[in-house]
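Here the structure is laid out as structure tokens; the discussion comes afterwards.
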Amino acid sequence: MMFHRSAARALTLSAAVLLATTSSSSNAFLAAAPSRPIRRSQHDDNIILMAAVTPPVATVASSAPTTPSTIASVSNLPSQKELLDKSSSSTSSATASSSSPVSKSKSTPQGGITISSINYDGQVPKTESDEYVTITNNSKTPMDISKYYVYVATTGNQGPTFTFPKSTTIKAGESVKIYTNEIHKESGGYSFGSGKAIWSNKGGLAVLKDGAGKKIGEFKY
């Protein structure tokens, strides 16, 4: 009985010593063992990076059209005044071209009696008997033109000639016409009496002289 108690006491003491030794060794081992780094997988790194990246902010571009600050406006349209002027000019040209050509230029008057115009292109076929030359009194008093004569001088020589009869007077501001081969009493009733045209359509010259042979004027067309 004594033996067993002694043995049990010895075993208990041995166990206590062993336990103390083991605990000290474990603590020493733990203190001496180097710490190992914590390993992370690539998957863990991706998760961390994804968490750290700020998500992108979407920007919506405005589709509203840009309004230019300045709109240039250049107009080549003619003004109303230009249109009216052009219309008047066209109307005048059309009126002039619709009638028979009557030349009214290059008259050289002497005194009050002049050759004011020549209708050189008659409408009567072949003979152009309706050609005429106009004699005008530009003075303020009646003019006696007895024995005055007018002739065609296109060739440089005296051609067909008409002589006013005695006691012929033209009132102030009025005119008479001398036709190639027609009688029109409303304009004087005078005619060259020519069976063919006497005024060239290509241009010519008429000369007016008084009864003494003095040149009163001429008319070139």
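In the structure tokens, each chain is lettered A, B, ... as it comes, each chain's residues begin at 1, and ligands are numbered from 1 in order of appearance.
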Write out, as CSV, each residue of region 162-219 of chain A that has an atom at most 8 Å from region 129-135 of chain A, together with the closest pair of atoms and their distance in Å to one decimal, counting only C-alpha atoms, rows going by chain and rising number.
```
residue,atom,partner,partner_atom,distance
A:Ser175,CA,A:Ile135,CA,5.5
A:Val176,CA,A:Ile135,CA,5.4
A:Lys177,CA,A:Thr134,CA,4.5
A:Ile178,CA,A:Tyr132,CA,5.2
A:Tyr179,CA,A:Tyr132,CA,4.1
A:Thr180,CA,A:Ser129,CA,5.0
A:Asn181,CA,A:Ser129,CA,4.6
A:Glu182,CA,A:Ser129,CA,6.0
A:Ser194,CA,A:Ser129,CA,7.7
A:Gly195,CA,A:Ser129,CA,7.4
A:Lys196,CA,A:Ser129,CA,6.9
A:Ala197,CA,A:Ser129,CA,6.5
A:Trp199,CA,A:Glu131,CA,7.4
```
Which residue, A:Ser146, A:Thr127, A:Asn138, A:Asn157, has the smallest gap to Ile198 (chain A) when you use only C-alpha atoms?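 Among the listed residues, the smallest separation from Ile198 (chain A) belongs to A:Thr127.
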How many Å lie between CA of Gly173 (chain A) and CA of Asn137 (chain A), rounded to one decimal?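 Computing the Euclidean distance for CA of Gly173 (chain A) and CA of Asn137 (chain A) yields 5.3 Å.
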Which residues come within 8 Å of Ser139 (chain A), counting only C-alpha atoms, excluding same-chain residues fewer than 6 positions away, as an MDAnalysis selection string? chainID A and resid 111:113 172:173
Which of these, A:Gly189, A:Val152, A:Ala212, A:Pro142, has the shortest distance to Ile118 (chain A) once you count only C-alpha atoms?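 Between A:Gly189, A:Val152, A:Ala212, A:Pro142, the residue approaching Ile118 (chain A) most closely is A:Val152.
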Name the residues of region 129-205 of chain A that come out as strand (DSSP E) in a backbone DSSP run; write them as a list in words.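 Of region 129-205 of chain A, the ones in strand (DSSP E) are Tyr132, Val133, Thr134, Ile135, Thr136, Asn137, Met143, Asp144, Tyr149, Val150, Tyr151, Val152, Thr161, Phe162, Thr163, Thr169, Ile170, Ser175, Val176, Lys177, Ile178, Tyr179, Tyr190, Ser191 and Leu205 of chain A.
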Preceding selection exported with C-alpha atoms as a short mmCIF file (atom, residue, chain, number, x, y, z; two decimals), in the first residue's frame:
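Output saved as selection.cif:
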```cif
data_model
loop_
_atom_site.label_atom_id
_atom_site.label_comp_id
_atom_site.auth_asym_id
_atom_site.auth_seq_id
_atom_site.Cartn_x
_atom_site.Cartn_y
_atom_site.Cartn_z
CA TYR A 132 -40.30 109.42 -147.30
CA VAL A 133 -38.13 112.31 -146.14
CA THR A 134 -39.43 114.77 -143.53
CA ILE A 135 -38.83 118.55 -143.69
CA THR A 136 -39.48 120.46 -140.44
CA ASN A 137 -39.81 124.16 -139.55
CA MET A 143 -41.38 129.78 -143.32
CA ASP A 144 -41.79 130.20 -147.07
CA TYR A 149 -35.33 121.49 -153.15
CA VAL A 150 -34.13 118.24 -151.57
CA TYR A 151 -32.18 115.53 -153.35
CA VAL A 152 -30.47 112.20 -152.80
CA THR A 161 -34.63 115.64 -156.66
CA PHE A 162 -37.87 117.17 -155.39
CA THR A 163 -38.53 120.96 -155.65
CA THR A 169 -45.21 127.59 -146.53
CA ILE A 170 -44.55 125.47 -143.46
CA SER A 175 -43.47 119.26 -140.85
CA VAL A 176 -44.18 117.96 -144.34
CA LYS A 177 -43.27 114.61 -145.91
CA ILE A 178 -42.05 113.89 -149.41
CA TYR A 179 -42.82 110.30 -150.41
CA TYR A 190 -45.60 115.77 -151.97
CA SER A 191 -43.85 112.99 -153.93
CA LEU A 205 -27.22 111.28 -147.56
#
```
Pick from A:Tyr120, A:Phe164, A:Phe219, A:Tyr148 nearest to Gly188 (chain A), counting only C-alpha atoms: A:Phe164
